[in-house]
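Quick notes on the structure that follows.
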Amino acid sequence: MKTSNKLTIINDPIYGFITIPKGLIFDLIEHKYFQRLRRISQMGMSYLVYPGAHHTRFHHAIGCLHIMRKALEKLEQKGVEISEEEKQAAMIAILLHDIGHGPFSHAMENSIVEDVHHEQISLQFMQALNEEFNGSLTLALNIFKGTYDRPFLHQLVSGQLDMDRTDYLKRDSFYTGMAEGNINTDRILAMLNVKDDELMVEEKGIYTIEKFLVARRLMYWQVYLHKTSLVAEQILVRVLMRAKELTQLGVELPASEPLAFFLKKKNAEGAFDKNALDIFASLDDYDIISAMKAWCTEDDFVLSRLSKIIINRELPRIKIKKKPFKNEFIEDEKERVQQQYNLTEEEVEYFVFTGTLTNQAYTFKKEAINILTKKGKVVDVISASDQLSLKALSKVITKNYICYPKHLN
């Protein structure tokens, strides 16, 4: 595989000029698998709430590459020995960590591409690229999977203080205009250190980490779990589920070739094989938007109505509360909607549905954010903090929601 010696600079609205390393990393960015990320939205349906949230997975991945490079430089300055191969592999691992995301992020995983998580698809894309690039991604794959014998490299890619979260909090807060999520990236990177090959934060950086965790919690409630974004994504999931249901019954729906493939693919066909991966690599947001525009005029009321809800932003009501909704209330809404639209009992489930959402800013039992004290002692950030709020941030908050069409006047 021929590699490029071209030096490329990207002007990023968050970090300014980002230099793309020559050679393998540049060639991976140029690859069609990665270029597809230009056509995958970073925040799914959030643009229906925050009009500026049209940035892409491509933006995010390039940002992650940039701050990974800076993080590794900071660690080297503190005496952490990192080989050139490890540095390149860590940068490749973070660059490709989201390459398996489908259109509108998580909607595909819950509808027409069943039982395959985006991280699993990312791994398959990386394995395919490793073959194409003659095994040069092997170390990056090991870091991505967490099987390499220096854990801190994996923790920088996937952990509670990884480069993924560090970029998306700052980037998403910028594009949504939510100042609460604007973290100090430079300060976070400057406070990182490594002890016994485990990622640490120096004691003087504890308040920066507290701000990071609080920002994450606020961004989840105000942006990622915003009730309008939530209901829009749930409707999109049901659009795709209905389209697949009709296709399986033999109805020919207008759809691009990649989308038609997954609509026709039966659950029992199982494995997400090389053929499915190649077709998935041609699928992006535009396939879904184009299909929904066409489906607005389909004969099937459920599909056409759900498609119009998204295309015309005629979103249903959503109520959220701590306690589960009473069955009587749910059944009354189903009966009302069933009569209003003349639906069957199966069809009404597309319009009236319940679910739960959870928010946990910090999971100290899983993989702690460790603070390295001035005396060389390692303690969990909650133990080291004098903020009582941090303990609260580690609790799982669960809320219940119900969605249903608005009442006709």
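Each chain in the structure tokens gets a letter, A, B, ..., in the order shown, and its residues are numbered from 1; ligands are numbered from 1 in order too.
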Item to check | Shell around range 75-87 of chain A at 9 Å using only C-alpha atoms, local window under 4 positions removed, as a VMD selection string | outcome: chain A and resid 68 to 71 91 to 92 139 to 140 143 153 189 to 190 192 to 195 197
Closest atom pairs, range 31-102 of chain A residues within 10 Å of range 8-13 of chain A, only C-alpha atoms, as JSON lines:
{"residue": "A:His59", "atom": "CA", "partner": "A:Asp12", "partner_atom": "CA", "distance": 8.0}
{"residue": "A:Ile62", "atom": "CA", "partner": "A:Asp12", "partner_atom": "CA", "distance": 8.8}
{"residue": "A:Gly63", "atom": "CA", "partner": "A:Asp12", "partner_atom": "CA", "distance": 7.9}
How about saving the chosen residues, all heavy atoms kept, as a compact mmCIF listing (two decimals), in the first residue's frame?
# COMPACT_ATOMS: atom_id res chain seq x y z
N HIS A 59 -15.49 15.43 12.06
CA HIS A 59 -15.00 16.52 12.92
C HIS A 59 -14.43 15.95 14.22
O HIS A 59 -13.33 16.29 14.65
CB HIS A 59 -16.17 17.43 13.35
CG HIS A 59 -16.60 18.43 12.35
ND1 HIS A 59 -17.92 18.69 12.09
CD2 HIS A 59 -15.90 19.28 11.57
CE1 HIS A 59 -18.03 19.63 11.19
NE2 HIS A 59 -16.81 20.01 10.85
N ILE A 62 -11.17 13.73 14.02
CA ILE A 62 -9.97 14.54 13.78
C ILE A 62 -9.58 15.28 15.07
O ILE A 62 -8.40 15.39 15.42
CB ILE A 62 -10.20 15.55 12.63
CG1 ILE A 62 -10.43 14.81 11.29
CG2 ILE A 62 -9.02 16.51 12.50
CD1 ILE A 62 -9.25 14.01 10.78
N GLY A 63 -10.59 15.78 15.80
CA GLY A 63 -10.32 16.44 17.08
C GLY A 63 -9.69 15.49 18.08
O GLY A 63 -8.75 15.86 18.80
Item to check | alpha helix (DSSP H) positions in range 54-127 of chain A, given as a PyMOL selection string | outcome: chain A and resi 57-77+84-95+118-127
Can you write just those residues out, C-alpha atoms, as an mmCIF file, in the first residue's frame?
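Generated file (result-v9.cif):
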data_model
loop_
_atom_site.group_PDB
_atom_site.id
_atom_site.type_symbol
_atom_site.label_atom_id
_atom_site.label_comp_id
_atom_site.auth_asym_id
_atom_site.auth_seq_id
_atom_site.Cartn_x
_atom_site.Cartn_y
_atom_site.Cartn_z
ATOM 1 C CA ARG A 57 -18.220 12.146 13.274
ATOM 2 C CA PHE A 58 -15.387 13.262 10.954
ATOM 3 C CA HIS A 59 -14.996 16.519 12.923
ATOM 4 C CA HIS A 60 -14.932 14.599 16.180
ATOM 5 C CA ALA A 61 -12.446 11.943 15.056
ATOM 6 C CA ILE A 62 -9.972 14.545 13.782
ATOM 7 C CA GLY A 63 -10.321 16.439 17.081
ATOM 8 C CA CYS A 64 -9.632 13.242 19.036
ATOM 9 C CA LEU A 65 -6.523 12.596 16.928
ATOM 10 C CA HIS A 66 -5.257 16.090 17.716
ATOM 11 C CA ILE A 67 -5.698 15.911 21.485
ATOM 12 C CA MET A 68 -4.328 12.358 21.632
ATOM 13 C CA ARG A 69 -1.154 13.655 19.993
ATOM 14 C CA LYS A 70 -0.952 16.498 22.530
ATOM 15 C CA ALA A 71 -1.622 14.139 25.458
ATOM 16 C CA LEU A 72 1.187 11.808 24.387
ATOM 17 C CA GLU A 73 3.549 14.790 24.027
ATOM 18 C CA LYS A 74 2.674 15.984 27.562
ATOM 19 C CA LEU A 75 3.297 12.509 29.001
ATOM 20 C CA GLU A 76 6.660 12.267 27.219
ATOM 21 C CA GLN A 77 7.644 15.636 28.681
ATOM 22 C CA GLU A 84 7.086 6.017 18.018
ATOM 23 C CA GLU A 85 5.144 2.825 17.200
ATOM 24 C CA GLU A 86 3.030 3.187 20.352
ATOM 25 C CA LYS A 87 2.344 6.847 19.641
ATOM 26 C CA GLN A 88 1.196 6.146 16.091
ATOM 27 C CA ALA A 89 -0.889 3.155 17.209
ATOM 28 C CA ALA A 90 -2.638 5.163 19.965
ATOM 29 C CA MET A 91 -3.427 7.937 17.475
ATOM 30 C CA ILE A 92 -4.818 5.411 14.980
ATOM 31 C CA ALA A 93 -6.925 3.751 17.692
ATOM 32 C CA ILE A 94 -8.566 7.044 18.704
ATOM 33 C CA LEU A 95 -8.902 8.180 15.079
ATOM 34 C CA HIS A 118 -21.131 0.282 16.728
ATOM 35 C CA GLU A 119 -17.944 -0.629 18.649
ATOM 36 C CA GLN A 120 -18.102 -4.126 17.155
ATOM 37 C CA ILE A 121 -18.489 -2.641 13.656
ATOM 38 C CA SER A 122 -15.600 -0.242 14.375
ATOM 39 C CA LEU A 123 -13.461 -3.265 15.256
ATOM 40 C CA GLN A 124 -14.430 -4.998 11.993
ATOM 41 C CA PHE A 125 -13.587 -1.883 9.975
ATOM 42 C CA MET A 126 -10.202 -1.699 11.728
ATOM 43 C CA GLN A 127 -9.529 -5.376 11.018
#
Item to check | Who sits within 12 Å of range 42-52 of chain A, only C-alpha atoms, same chain under 3 positions skipped, as number ranges by chain | outcome: A: 37-39, 55-61, 98-99, 101-108, 167-169, 171-178, 220, 222-237, 284-285, 288-289, 309-315
Checklist entry - Between A:Gly205, A:Pro405, A:Pro324, A:Gly376, which is the closest to Gln340 in chain A once you count only C-alpha atoms? => result A:Pro405
Next on the checklist: Using only C-alpha atoms, can you tell me which of A:Val157, A:Ile20, A:Val348, A:Ala276 comes closest to Asn142 in chain A?
Outcome noted: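 Residue with the minimum atom-to-atom distance to Asn142 in chain A: A:Val157.
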Checklist entry - What is the CA of Lys322 in chain A to CA of Lys395 in chain A distance in Å? => result 14.4 Å
Next on the checklist: Could you check the closest approach to Phe152 in chain A for each of A:Ile369, A:Leu263, A:Ile397, A:Ile29 and tell me which residue wins, using only C-alpha atoms?
Outcome noted: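 The answer is A:Ile369, which sits nearest to Phe152 in chain A.
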Next on the checklist: Ranking A:Phe272, A:Tyr401, A:Pro254, A:Thr147 by minimum distance to His117 in chain A and counting only C-alpha atoms, which one comes first?
Outcome noted: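 Checking each candidate against His117 in chain A, we get A:Phe272 as the closest.
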Next on the checklist: From the options A:Leu253, A:Leu199, A:Pro258, A:Leu28, which residue's atoms come nearest to Asp299 in chain A, counting only C-alpha atoms?
Outcome noted: A:Leu253
Next on the checklist: Counting only C-alpha atoms, which residue out of A:Lys274, A:Lys375, A:Ser307, A:Lys406 sits closest to Arg336 in chain A?
Outcome noted: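 Closest to Arg336 in chain A of all the choices is A:Lys406.
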Next on the checklist: Just want the 12 Å neighbourhood of Glu335 in chain A, counted on only C-alpha atoms, with same-chain residues fewer than 4 positions away dropped. Output as a PyMOL selection string.
Outcome noted: chain A and resi 328-331+339-349+351-352+404-405
Item to check | In range 100-256 of chain A, DSSP strand (DSSP E or B) residues written as a VMD selection string | outcome: chain A and resid 102 105 192 to 195 198 to 202
Checklist entry - Contacts of Glu252 in chain A at 10 Å or less, counting only C-alpha atoms, minus same-chain residues fewer than 6 places along, as a PyMOL selection string? => result chain A and resi 243+246+260+264
Residues from the last selection, all heavy atoms, saved as a JSON list (two decimals), in the first residue's frame:
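Written out: result_7.json:
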[["chain", "number", "residue", "atom", "x", "y", "z"],
["A", 243, "ALA", "N", -40.31, 0.37, 8.31],
["A", 243, "ALA", "CA", -39.85, 0.15, 6.93],
["A", 243, "ALA", "C", -39.33, -1.27, 6.76],
["A", 243, "ALA", "O", -39.60, -1.94, 5.75],
["A", 243, "ALA", "CB", -38.75, 1.15, 6.58],
["A", 246, "LEU", "N", -42.38, -3.77, 6.79],
["A", 246, "LEU", "CA", -43.09, -3.78, 5.51],
["A", 246, "LEU", "C", -42.28, -4.47, 4.42],
["A", 246, "LEU", "O", -42.82, -5.25, 3.62],
["A", 246, "LEU", "CB", -43.42, -2.34, 5.09],
["A", 246, "LEU", "CG", -44.42, -1.58, 5.96],
["A", 246, "LEU", "CD1", -44.50, -0.12, 5.55],
["A", 246, "LEU", "CD2", -45.80, -2.23, 5.88],
["A", 260, "ALA", "N", -31.70, -0.54, 1.24],
["A", 260, "ALA", "CA", -32.57, -1.66, 0.85],
["A", 260, "ALA", "C", -31.98, -2.99, 1.30],
["A", 260, "ALA", "O", -32.70, -3.89, 1.73],
["A", 260, "ALA", "CB", -32.77, -1.65, -0.67],
["A", 264, "LYS", "N", -33.98, -5.58, 3.81],
["A", 264, "LYS", "CA", -34.31, -6.94, 3.37],
["A", 264, "LYS", "C", -33.62, -8.02, 4.19],
["A", 264, "LYS", "O", -34.06, -9.16, 4.23],
["A", 264, "LYS", "CB", -33.94, -7.12, 1.89],
["A", 264, "LYS", "CG", -34.82, -6.31, 0.95],
["A", 264, "LYS", "CD", -34.31, -6.35, -0.48],
["A", 264, "LYS", "CE", -35.15, -5.46, -1.39],
["A", 264, "LYS", "NZ", -34.58, -5.36, -2.76]]
Checklist entry - How far is it from CA of Ser41 in chain A to CA of Ser290 in chain A, in Å with one decimal? => result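 Straight-line distance from CA of Ser41 in chain A to CA of Ser290 in chain A works out to 15.0 Å.
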Checklist entry - When you draw a straight line from CA of Tyr207 in chain A to CA of Ser383 in chain A, how long is it in Å? => result 13.1 Å
